[in-house]
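Student: Following this line is start-v1.cif, made up of mmCIF, N, CA and C atoms:
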data_model
loop_
_atom_site.label_atom_id
_atom_site.label_comp_id
_atom_site.auth_asym_id
_atom_site.auth_seq_id
_atom_site.Cartn_x
_atom_site.Cartn_y
_atom_site.Cartn_z
N MET L 1 -50.05 -6.57 -1.27
CA MET L 1 -49.07 -6.15 -0.31
C MET L 1 -47.74 -5.94 -1.02
N THR L 2 -47.16 -4.78 -0.84
CA THR L 2 -45.86 -4.51 -1.45
C THR L 2 -44.78 -4.66 -0.40
N ARG L 3 -43.72 -5.19 -0.84
CA ARG L 3 -42.59 -5.42 0.05
C ARG L 3 -41.48 -4.44 -0.29
N ASP L 4 -40.94 -3.79 0.73
CA ASP L 4 -39.85 -2.85 0.52
C ASP L 4 -38.58 -3.62 0.21
N ARG L 5 -38.08 -3.45 -0.99
CA ARG L 5 -36.85 -4.14 -1.39
C ARG L 5 -35.73 -3.12 -1.51
N GLY L 6 -35.05 -2.90 -0.41
CA GLY L 6 -33.91 -1.98 -0.44
C GLY L 6 -32.77 -2.61 -1.22
N ILE L 7 -31.97 -1.77 -1.79
CA ILE L 7 -30.82 -2.26 -2.53
C ILE L 7 -29.76 -2.68 -1.54
N ALA L 8 -29.33 -3.90 -1.66
CA ALA L 8 -28.29 -4.41 -0.77
C ALA L 8 -26.94 -4.29 -1.47
N GLU L 9 -26.10 -3.44 -0.94
CA GLU L 9 -24.76 -3.24 -1.49
C GLU L 9 -23.77 -4.08 -0.71
N PRO L 10 -22.82 -4.67 -1.40
CA PRO L 10 -21.77 -5.39 -0.66
C PRO L 10 -20.89 -4.37 0.07
N PRO L 11 -20.16 -4.84 1.08
CA PRO L 11 -19.25 -3.92 1.78
C PRO L 11 -18.18 -3.39 0.83
N PRO L 12 -17.54 -2.29 1.20
CA PRO L 12 -16.45 -1.76 0.37
C PRO L 12 -15.33 -2.80 0.21
N ALA L 13 -14.55 -2.67 -0.84
CA ALA L 13 -13.50 -3.64 -1.16
C ALA L 13 -12.52 -3.84 0.00
N ALA L 14 -12.12 -2.77 0.66
CA ALA L 14 -11.18 -2.90 1.77
C ALA L 14 -11.76 -3.75 2.89
N GLU L 15 -13.05 -3.60 3.14
CA GLU L 15 -13.70 -4.39 4.18
C GLU L 15 -13.80 -5.86 3.76
N LEU L 16 -14.08 -6.10 2.49
CA LEU L 16 -14.13 -7.49 2.00
C LEU L 16 -12.76 -8.17 2.14
N VAL L 17 -11.72 -7.45 1.79
CA VAL L 17 -10.37 -7.99 1.91
C VAL L 17 -10.06 -8.30 3.37
N ALA L 18 -10.45 -7.41 4.27
CA ALA L 18 -10.22 -7.64 5.70
C ALA L 18 -10.99 -8.86 6.19
N LEU L 19 -12.20 -9.05 5.70
CA LEU L 19 -13.00 -10.21 6.11
C LEU L 19 -12.36 -11.52 5.65
N VAL L 20 -11.86 -11.53 4.43
CA VAL L 20 -11.20 -12.74 3.91
C VAL L 20 -9.92 -13.02 4.69
N ALA L 21 -9.14 -11.99 4.97
CA ALA L 21 -7.91 -12.16 5.74
C ALA L 21 -8.21 -12.72 7.13
N ALA L 22 -9.23 -12.17 7.77
CA ALA L 22 -9.61 -12.65 9.11
C ALA L 22 -10.08 -14.09 9.05
N PHE L 23 -10.84 -14.43 8.03
CA PHE L 23 -11.31 -15.81 7.86
C PHE L 23 -10.13 -16.77 7.72
N LEU L 24 -9.16 -16.41 6.90
CA LEU L 24 -8.00 -17.28 6.72
C LEU L 24 -7.27 -17.51 8.04
N LEU L 25 -7.04 -16.42 8.76
CA LEU L 25 -6.28 -16.52 10.00
C LEU L 25 -7.07 -17.25 11.09
N ARG L 26 -8.34 -16.94 11.20
CA ARG L 26 -9.16 -17.47 12.28
C ARG L 26 -9.66 -18.89 12.02
N ASP L 27 -10.11 -19.16 10.80
CA ASP L 27 -10.79 -20.42 10.52
C ASP L 27 -9.99 -21.42 9.70
N VAL L 28 -9.07 -20.96 8.88
CA VAL L 28 -8.35 -21.87 8.00
C VAL L 28 -7.01 -22.28 8.59
N VAL L 29 -6.20 -21.34 8.98
CA VAL L 29 -4.86 -21.65 9.51
C VAL L 29 -4.89 -22.67 10.64
N PRO L 30 -5.79 -22.53 11.62
CA PRO L 30 -5.75 -23.47 12.75
C PRO L 30 -6.02 -24.94 12.38
N VAL L 31 -6.67 -25.19 11.27
CA VAL L 31 -6.99 -26.58 10.91
C VAL L 31 -6.03 -27.18 9.88
N ILE L 32 -5.03 -26.43 9.50
CA ILE L 32 -4.05 -26.93 8.53
C ILE L 32 -2.91 -27.60 9.28
N SER L 33 -2.69 -28.87 8.98
CA SER L 33 -1.60 -29.58 9.65
C SER L 33 -0.29 -29.50 8.86
N ASP L 34 -0.36 -29.30 7.56
CA ASP L 34 0.83 -29.21 6.74
C ASP L 34 1.51 -27.85 6.95
N ALA L 35 2.73 -27.86 7.45
CA ALA L 35 3.43 -26.62 7.79
C ALA L 35 3.64 -25.71 6.58
N LYS L 36 3.96 -26.30 5.43
CA LYS L 36 4.20 -25.51 4.23
C LYS L 36 2.92 -24.81 3.77
N LEU L 37 1.81 -25.52 3.79
CA LEU L 37 0.54 -24.93 3.39
C LEU L 37 0.10 -23.86 4.42
N ARG L 38 0.30 -24.13 5.69
CA ARG L 38 -0.05 -23.16 6.73
C ARG L 38 0.75 -21.86 6.52
N TYR L 39 2.04 -22.00 6.20
CA TYR L 39 2.87 -20.83 5.93
C TYR L 39 2.32 -20.05 4.73
N ARG L 40 1.93 -20.75 3.68
CA ARG L 40 1.42 -20.08 2.47
C ARG L 40 0.10 -19.35 2.75
N VAL L 41 -0.75 -19.97 3.56
CA VAL L 41 -2.01 -19.32 3.89
C VAL L 41 -1.76 -18.09 4.76
N ARG L 42 -0.82 -18.17 5.69
CA ARG L 42 -0.46 -17.01 6.51
C ARG L 42 0.13 -15.91 5.62
N ALA L 43 0.93 -16.29 4.64
CA ALA L 43 1.49 -15.30 3.71
C ALA L 43 0.36 -14.63 2.92
N ALA L 44 -0.62 -15.41 2.48
CA ALA L 44 -1.76 -14.85 1.76
C ALA L 44 -2.54 -13.89 2.65
N GLU L 45 -2.71 -14.25 3.91
CA GLU L 45 -3.41 -13.38 4.86
C GLU L 45 -2.64 -12.07 5.02
N ASN L 46 -1.33 -12.14 5.13
CA ASN L 46 -0.51 -10.93 5.26
C ASN L 46 -0.61 -10.05 4.01
N LEU L 47 -0.62 -10.67 2.84
CA LEU L 47 -0.75 -9.90 1.60
C LEU L 47 -2.12 -9.21 1.51
N LEU L 48 -3.15 -9.90 1.98
CA LEU L 48 -4.47 -9.28 2.00
C LEU L 48 -4.51 -8.09 2.94
N ARG L 49 -3.87 -8.20 4.09
CA ARG L 49 -3.80 -7.08 5.04
C ARG L 49 -3.04 -5.90 4.42
N LEU L 50 -1.97 -6.22 3.70
CA LEU L 50 -1.21 -5.18 3.00
C LEU L 50 -2.09 -4.48 1.96
N ALA L 51 -2.83 -5.27 1.18
CA ALA L 51 -3.73 -4.70 0.17
C ALA L 51 -4.80 -3.83 0.83
N GLN L 52 -5.31 -4.28 1.98
CA GLN L 52 -6.30 -3.49 2.70
C GLN L 52 -5.72 -2.15 3.13
N ARG L 53 -4.51 -2.16 3.68
CA ARG L 53 -3.89 -0.90 4.09
C ARG L 53 -3.64 0.01 2.90
N GLU L 54 -3.27 -0.58 1.76
CA GLU L 54 -3.03 0.23 0.56
C GLU L 54 -4.34 0.87 0.08
N MET L 55 -5.43 0.11 0.15
CA MET L 55 -6.72 0.64 -0.30
C MET L 55 -7.22 1.78 0.57
N THR L 56 -6.83 1.77 1.82
CA THR L 56 -7.35 2.76 2.75
C THR L 56 -6.31 3.79 3.18
N CYS L 57 -5.17 3.83 2.48
CA CYS L 57 -4.11 4.76 2.89
C CYS L 57 -4.63 6.19 2.78
N ASP L 58 -4.22 7.00 3.73
CA ASP L 58 -4.67 8.38 3.74
C ASP L 58 -3.50 9.35 3.74
N GLY L 59 -2.36 8.88 3.32
CA GLY L 59 -1.17 9.73 3.26
C GLY L 59 -1.15 10.54 1.98
N ASP L 60 0.05 10.90 1.58
CA ASP L 60 0.26 11.74 0.40
C ASP L 60 0.49 10.87 -0.84
N LEU L 61 -0.16 9.72 -0.93
CA LEU L 61 0.08 8.84 -2.06
C LEU L 61 -1.07 8.90 -3.06
N VAL L 62 -0.70 8.88 -4.33
CA VAL L 62 -1.65 8.85 -5.43
C VAL L 62 -1.21 7.74 -6.39
N ARG L 63 -2.09 7.30 -7.24
CA ARG L 63 -1.74 6.28 -8.23
C ARG L 63 -1.23 6.96 -9.49
N ASP L 64 -0.09 6.48 -9.97
CA ASP L 64 0.40 7.01 -11.23
C ASP L 64 -0.31 6.29 -12.37
N GLU L 65 0.01 6.64 -13.59
CA GLU L 65 -0.71 6.06 -14.74
C GLU L 65 -0.47 4.56 -14.89
N ASN L 66 0.55 4.02 -14.23
CA ASN L 66 0.82 2.58 -14.28
C ASN L 66 0.23 1.84 -13.08
N GLY L 67 -0.44 2.57 -12.19
CA GLY L 67 -1.09 1.96 -11.05
C GLY L 67 -0.26 1.90 -9.78
N TYR L 68 0.96 2.43 -9.82
CA TYR L 68 1.81 2.43 -8.63
C TYR L 68 1.46 3.61 -7.73
N LEU L 69 1.52 3.38 -6.41
CA LEU L 69 1.35 4.48 -5.47
C LEU L 69 2.64 5.27 -5.39
N ILE L 70 2.54 6.59 -5.59
CA ILE L 70 3.68 7.49 -5.45
C ILE L 70 3.18 8.75 -4.75
N THR L 71 4.10 9.55 -4.26
CA THR L 71 3.67 10.81 -3.64
C THR L 71 3.22 11.78 -4.73
N GLY L 72 2.38 12.72 -4.33
CA GLY L 72 1.92 13.73 -5.28
C GLY L 72 3.06 14.53 -5.85
N GLN L 73 4.06 14.85 -5.02
CA GLN L 73 5.20 15.62 -5.50
C GLN L 73 6.05 14.81 -6.47
N MET L 74 6.17 13.51 -6.24
CA MET L 74 6.90 12.67 -7.21
C MET L 74 6.16 12.65 -8.54
N GLN L 75 4.84 12.58 -8.48
CA GLN L 75 4.06 12.57 -9.71
C GLN L 75 4.23 13.88 -10.47
N GLN L 76 4.23 15.00 -9.74
CA GLN L 76 4.42 16.30 -10.40
C GLN L 76 5.81 16.40 -11.03
N ALA L 77 6.82 15.90 -10.32
CA ALA L 77 8.19 16.04 -10.80
C ALA L 77 8.56 15.04 -11.89
N PHE L 78 8.07 13.80 -11.79
CA PHE L 78 8.53 12.75 -12.70
C PHE L 78 7.42 12.04 -13.47
N GLY L 79 6.18 12.23 -13.08
CA GLY L 79 5.07 11.59 -13.78
C GLY L 79 4.75 10.21 -13.23
N THR L 80 5.70 9.29 -13.39
CA THR L 80 5.46 7.92 -12.94
C THR L 80 6.67 7.38 -12.19
N LEU L 81 6.43 6.34 -11.43
CA LEU L 81 7.52 5.68 -10.73
C LEU L 81 8.48 5.04 -11.72
N ASP L 82 7.95 4.49 -12.80
CA ASP L 82 8.81 3.90 -13.83
C ASP L 82 9.75 4.93 -14.44
N ARG L 83 9.22 6.13 -14.72
CA ARG L 83 10.04 7.19 -15.31
C ARG L 83 11.17 7.59 -14.36
N LEU L 84 10.82 7.74 -13.08
CA LEU L 84 11.83 8.08 -12.08
C LEU L 84 12.87 6.98 -11.99
N SER L 85 12.43 5.75 -11.94
CA SER L 85 13.34 4.60 -11.86
C SER L 85 14.27 4.55 -13.06
N ASP L 86 13.71 4.76 -14.24
CA ASP L 86 14.54 4.75 -15.46
C ASP L 86 15.60 5.85 -15.42
N GLN L 87 15.21 7.04 -14.98
CA GLN L 87 16.15 8.16 -14.94
C GLN L 87 17.24 7.94 -13.89
N LEU L 88 16.88 7.29 -12.78
CA LEU L 88 17.89 6.95 -11.78
C LEU L 88 18.82 5.86 -12.32
N GLY L 89 18.23 4.90 -13.01
CA GLY L 89 19.01 3.77 -13.54
C GLY L 89 19.97 4.16 -14.64
N ASP L 90 19.57 5.09 -15.51
CA ASP L 90 20.47 5.46 -16.62
C ASP L 90 21.40 6.62 -16.26
N GLY L 91 21.31 7.11 -15.02
CA GLY L 91 22.22 8.16 -14.57
C GLY L 91 21.77 9.57 -14.87
N THR L 92 20.59 9.73 -15.47
CA THR L 92 20.08 11.06 -15.75
C THR L 92 19.85 11.82 -14.45
N LEU L 93 19.41 11.10 -13.42
CA LEU L 93 19.21 11.70 -12.10
C LEU L 93 20.16 11.07 -11.10
N ASP L 94 20.56 11.86 -10.13
CA ASP L 94 21.41 11.38 -9.04
C ASP L 94 20.52 11.23 -7.81
N ILE L 95 20.51 10.04 -7.24
CA ILE L 95 19.65 9.75 -6.09
C ILE L 95 19.94 10.67 -4.91
N ALA L 96 21.18 11.13 -4.78
CA ALA L 96 21.58 11.96 -3.65
C ALA L 96 21.36 13.45 -3.89
N SER L 97 20.86 13.83 -5.06
CA SER L 97 20.68 15.26 -5.35
C SER L 97 19.59 15.86 -4.47
N ALA L 98 19.70 17.15 -4.24
CA ALA L 98 18.80 17.85 -3.33
C ALA L 98 17.35 17.85 -3.81
N ASP L 99 17.12 17.66 -5.12
CA ASP L 99 15.74 17.65 -5.60
C ASP L 99 15.17 16.23 -5.71
N VAL L 100 15.98 15.22 -5.52
CA VAL L 100 15.50 13.83 -5.61
C VAL L 100 15.43 13.15 -4.24
N LEU L 101 16.48 13.26 -3.45
CA LEU L 101 16.55 12.54 -2.18
C LEU L 101 15.38 12.85 -1.24
N PRO L 102 14.98 14.11 -1.05
CA PRO L 102 13.84 14.38 -0.15
C PRO L 102 12.53 13.73 -0.66
N LEU L 103 12.36 13.71 -1.98
CA LEU L 103 11.16 13.06 -2.54
C LEU L 103 11.17 11.56 -2.26
N LEU L 104 12.33 10.94 -2.41
CA LEU L 104 12.44 9.51 -2.16
C LEU L 104 12.29 9.18 -0.68
N GLU L 105 12.83 10.03 0.19
CA GLU L 105 12.67 9.82 1.63
C GLU L 105 11.20 9.84 2.01
N ARG L 106 10.47 10.82 1.51
CA ARG L 106 9.03 10.92 1.80
C ARG L 106 8.29 9.72 1.24
N TYR L 107 8.65 9.29 0.05
CA TYR L 107 8.03 8.13 -0.58
C TYR L 107 8.23 6.87 0.27
N VAL L 108 9.45 6.66 0.72
CA VAL L 108 9.75 5.48 1.54
C VAL L 108 8.94 5.51 2.84
N ILE L 109 8.84 6.65 3.46
CA ILE L 109 8.07 6.77 4.70
C ILE L 109 6.60 6.46 4.45
N GLU L 110 6.04 7.02 3.39
CA GLU L 110 4.63 6.77 3.07
C GLU L 110 4.38 5.29 2.76
N LYS L 111 5.27 4.68 2.00
CA LYS L 111 5.12 3.26 1.66
C LYS L 111 5.31 2.39 2.90
N LEU L 112 6.20 2.80 3.79
CA LEU L 112 6.43 2.06 5.03
C LEU L 112 5.19 2.09 5.92
N ARG L 113 4.46 3.18 5.88
CA ARG L 113 3.22 3.27 6.65
C ARG L 113 2.21 2.22 6.19
N ILE L 114 2.29 1.80 4.95
CA ILE L 114 1.41 0.77 4.42
C ILE L 114 1.99 -0.61 4.69
N ALA L 115 3.25 -0.80 4.34
CA ALA L 115 3.87 -2.13 4.43
C ALA L 115 4.14 -2.57 5.86
N ALA L 116 4.57 -1.66 6.70
CA ALA L 116 4.93 -2.00 8.09
C ALA L 116 4.60 -0.81 8.99
N PRO L 117 3.32 -0.60 9.28
CA PRO L 117 2.91 0.58 10.03
C PRO L 117 3.63 0.76 11.36
N ASP L 118 3.97 -0.32 12.03
CA ASP L 118 4.65 -0.21 13.31
C ASP L 118 6.09 0.28 13.17
N ALA L 119 6.67 0.14 11.99
CA ALA L 119 8.06 0.54 11.77
C ALA L 119 8.18 1.97 11.25
N ALA L 120 7.09 2.52 10.76
CA ALA L 120 7.13 3.88 10.20
C ALA L 120 7.20 4.92 11.30
N PRO L 121 7.92 6.01 11.05
CA PRO L 121 7.95 7.08 12.05
C PRO L 121 6.55 7.66 12.21
N PRO L 122 6.18 8.08 13.42
CA PRO L 122 4.83 8.57 13.65
C PRO L 122 4.50 9.83 12.85
N ASP L 123 5.46 10.70 12.70
CA ASP L 123 5.22 11.91 11.93
C ASP L 123 6.56 12.44 11.46
N VAL L 124 6.54 13.08 10.32
CA VAL L 124 7.77 13.63 9.77
C VAL L 124 7.63 15.15 9.80
N PRO L 125 8.65 15.85 10.33
CA PRO L 125 8.57 17.31 10.36
C PRO L 125 8.30 17.88 8.98
N GLU L 126 7.54 18.94 8.92
CA GLU L 126 7.11 19.53 7.66
C GLU L 126 8.30 19.90 6.76
N ASN L 127 9.39 20.35 7.34
CA ASN L 127 10.52 20.78 6.52
C ASN L 127 11.25 19.61 5.87
N ARG L 128 10.94 18.36 6.23
CA ARG L 128 11.58 17.21 5.62
C ARG L 128 10.73 16.62 4.51
N LYS L 129 9.48 17.08 4.36
CA LYS L 129 8.61 16.52 3.33
C LYS L 129 9.23 16.72 1.96
N GLY L 130 9.06 15.66 1.11
CA GLY L 130 9.65 15.75 -0.21
C GLY L 130 8.68 15.81 -1.29
#
Please render this file's structure as structure tokens.

Tutor:
Amino acid sequence: MTRDRGIAEPPPAAELVALVAAFLLRDVVPVISDAKLRYRVRAAENLLRLAQREMTCDGDLVRDENGYLITGQMQQAFGTLDRLSDQLGDGTLDIASADVLPLLERYVIEKLRIAAPDAAPPDVPENRKG
């Protein structure tokens, strides 16, 4: 008799992160009496939720060569977030210039959608995209 042995794949990483976050909030936090430890576990749960949103983001964000999420247009214009930051820091670029500010505005909105989805604007008019 042969037994069908299907390959069992674990859930995708974002789902695993969500499961761990839910476990912490549902099963661990309620039984912790130490306020400091309870706060730390809640902070860990929040970080896991943030990581989950980052893994599943569907906006205009791509990973640069250093692993940071940036917009596609920022990547085309500056390559990496570090390069942009360095150029802003040393004065090579002006943050308020017409070719930089719209890119940064779009970047902040996209990152806000991950970090605080309820605080991000629902949609940005096409002419404001950077």

Student: Tell me which protein, DNA and RNA residues are within 8 Å of Arg53 of chain L, counting all atoms listed in the file, leaving out same-chain ones fewer than 6 positions away, and put them as an MDAnalysis selection string.

Tutor: chainID L and resid 14 18 47 113:115

Student: Have a look at atom CA of Ala21 of chain L and atom CA of Lys111 of chain L and let me know their distance in Å, one decimal.

Tutor: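 According to the coordinates, atom CA of Ala21 of chain L and atom CA of Lys111 of chain L are separated by 20.6 Å.
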
Student: Taking only C-alpha atoms into account, name the residue in L:Arg38, L:Asp99, L:Asp86, L:Asp58 that is nearest to Leu25 of chain L.

Tutor: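 Of L:Arg38, L:Asp99, L:Asp86, L:Asp58, the one nearest Leu25 of chain L is L:Arg38, counting only C-alpha atoms.
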
Student: Which distance in Å separates atom N of Asp60 of chain L and atom CA of Gly72 of chain L, to one decimal?

Tutor: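 Taking atom N of Asp60 of chain L as the start and atom CA of Gly72 of chain L as the end point, the length is 7.7 Å.
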
Student: Where does DSSP see helix (DSSP H, G or I) in segment 12-99 of chain L, if you list the residues as a PyMOL selection string?

Tutor: chain L and resi 13-31+35-55+72-78+81-89

Student: With the PyMOL selection byres (((chain L and resi 103 and name CA) around 9) and name CA) as the selection, what would be picked from this file? Answer as a list in words, please.

Tutor: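 Applying the expression gives Thr71, Gln73, Met74, Asp99, Val100, Leu101, Pro102, Leu104, Glu105, Arg106, Tyr107, Val108, Lys129 and Gly130 of chain L.
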
Student: Export N, CA and C atoms of the chosen residues as a PDB file, in the coordinates of the input?

Tutor:
ATOM      1  N   THR L  71       4.100   9.550  -4.260  1.00  0.00           N
ATOM      2  CA  THR L  71       3.670  10.810  -3.640  1.00  0.00           C
ATOM      3  C   THR L  71       3.220  11.780  -4.730  1.00  0.00           C
ATOM      4  N   GLN L  73       4.060  14.850  -5.020  1.00  0.00           N
ATOM      5  CA  GLN L  73       5.200  15.620  -5.500  1.00  0.00           C
ATOM      6  C   GLN L  73       6.050  14.810  -6.470  1.00  0.00           C
ATOM      7  N   MET L  74       6.170  13.510  -6.240  1.00  0.00           N
ATOM      8  CA  MET L  74       6.900  12.670  -7.210  1.00  0.00           C
ATOM      9  C   MET L  74       6.160  12.650  -8.540  1.00  0.00           C
ATOM     10  N   ASP L  99      17.120  17.660  -5.120  1.00  0.00           N
ATOM     11  CA  ASP L  99      15.740  17.650  -5.600  1.00  0.00           C
ATOM     12  C   ASP L  99      15.170  16.230  -5.710  1.00  0.00           C
ATOM     13  N   VAL L 100      15.980  15.220  -5.520  1.00  0.00           N
ATOM     14  CA  VAL L 100      15.500  13.830  -5.610  1.00  0.00           C
ATOM     15  C   VAL L 100      15.430  13.150  -4.240  1.00  0.00           C
ATOM     16  N   LEU L 101      16.480  13.260  -3.450  1.00  0.00           N
ATOM     17  CA  LEU L 101      16.550  12.540  -2.180  1.00  0.00           C
ATOM     18  C   LEU L 101      15.380  12.850  -1.240  1.00  0.00           C
ATOM     19  N   PRO L 102      14.980  14.110  -1.050  1.00  0.00           N
ATOM     20  CA  PRO L 102      13.840  14.380  -0.150  1.00  0.00           C
ATOM     21  C   PRO L 102      12.530  13.730  -0.660  1.00  0.00           C
ATOM     22  N   LEU L 104      12.330  10.940  -2.410  1.00  0.00           N
ATOM     23  CA  LEU L 104      12.440   9.510  -2.160  1.00  0.00           C
ATOM     24  C   LEU L 104      12.290   9.180  -0.680  1.00  0.00           C
ATOM     25  N   GLU L 105      12.830  10.030   0.190  1.00  0.00           N
ATOM     26  CA  GLU L 105      12.670   9.820   1.630  1.00  0.00           C
ATOM     27  C   GLU L 105      11.200   9.840   2.010  1.00  0.00           C
ATOM     28  N   ARG L 106      10.470  10.820   1.510  1.00  0.00           N
ATOM     29  CA  ARG L 106       9.030  10.920   1.800  1.00  0.00           C
ATOM     30  C   ARG L 106       8.290   9.720   1.240  1.00  0.00           C
ATOM     31  N   TYR L 107       8.650   9.290   0.050  1.00  0.00           N
ATOM     32  CA  TYR L 107       8.030   8.130  -0.580  1.00  0.00           C
ATOM     33  C   TYR L 107       8.230   6.870   0.270  1.00  0.00           C
ATOM     34  N   VAL L 108       9.450   6.660   0.720  1.00  0.00           N
ATOM     35  CA  VAL L 108       9.750   5.480   1.540  1.00  0.00           C
ATOM     36  C   VAL L 108       8.940   5.510   2.840  1.00  0.00           C
ATOM     37  N   LYS L 129       9.480  17.080   4.360  1.00  0.00           N
ATOM     38  CA  LYS L 129       8.610  16.520   3.330  1.00  0.00           C
ATOM     39  C   LYS L 129       9.230  16.720   1.960  1.00  0.00           C
ATOM     40  N   GLY L 130       9.060  15.660   1.110  1.00  0.00           N
ATOM     41  CA  GLY L 130       9.650  15.750  -0.210  1.00  0.00           C
ATOM     42  C   GLY L 130       8.680  15.810  -1.290  1.00  0.00           C
TER      43      GLY L 130
END

Student: To one decimal place, how far is atom N of Leu81 of chain L from atom CA of Leu50 of chain L in Å?

Tutor: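 We find that atom N of Leu81 of chain L and atom CA of Leu50 of chain L lie 20.0 Å from each other.
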
Student: Leaving out Val29 of chain L and any residue of its chain fewer than 6 positions from it, which residues lie within 12 Å of it when counting only C-alpha atoms, given as a PyMOL selection string?

Tutor: chain L and resi 21-23+35-45

Student: Please give the complete set of residues from segment 2-91 of chain L that DSSP, run on the backbone, assigns to strand (DSSP E or B), formatted as a list in words.

Tutor: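 Listing strand (DSSP E or B) positions across segment 2-91 of chain L yields Leu61, Val62, Arg63, Leu69, Ile70 and Thr71 of chain L.
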
Student: Might I get the box with edges along x, y and z of the file that holds all atoms of segment 64-83 of chain L listed there, padded by 5 Å on every side, given as centre and edge lengths in Å to one decimal, as JSON?

Tutor:
{"center_x": 5.0, "center_y": 9.1, "center_z": -9.5, "size_x": 22.3, "size_y": 24.6, "size_z": 21.7}

Student: For the structure shown, which residues end up in the PyMOL selection byres (((chain L and resi 79 and name CA) around 12) and name CA)? Put them as a PyMOL selection string, please?

Tutor: chain L and resi 62-78+80-87

Student: From the set L:Leu24, L:Leu88, L:Ala13, L:Val31, which residue has the shortest atom-to-atom contact distance to Thr56 of chain L, counting only C-alpha atoms?

Tutor: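 Once distances to Thr56 of chain L are computed over only C-alpha atoms, the minimum belongs to L:Ala13.
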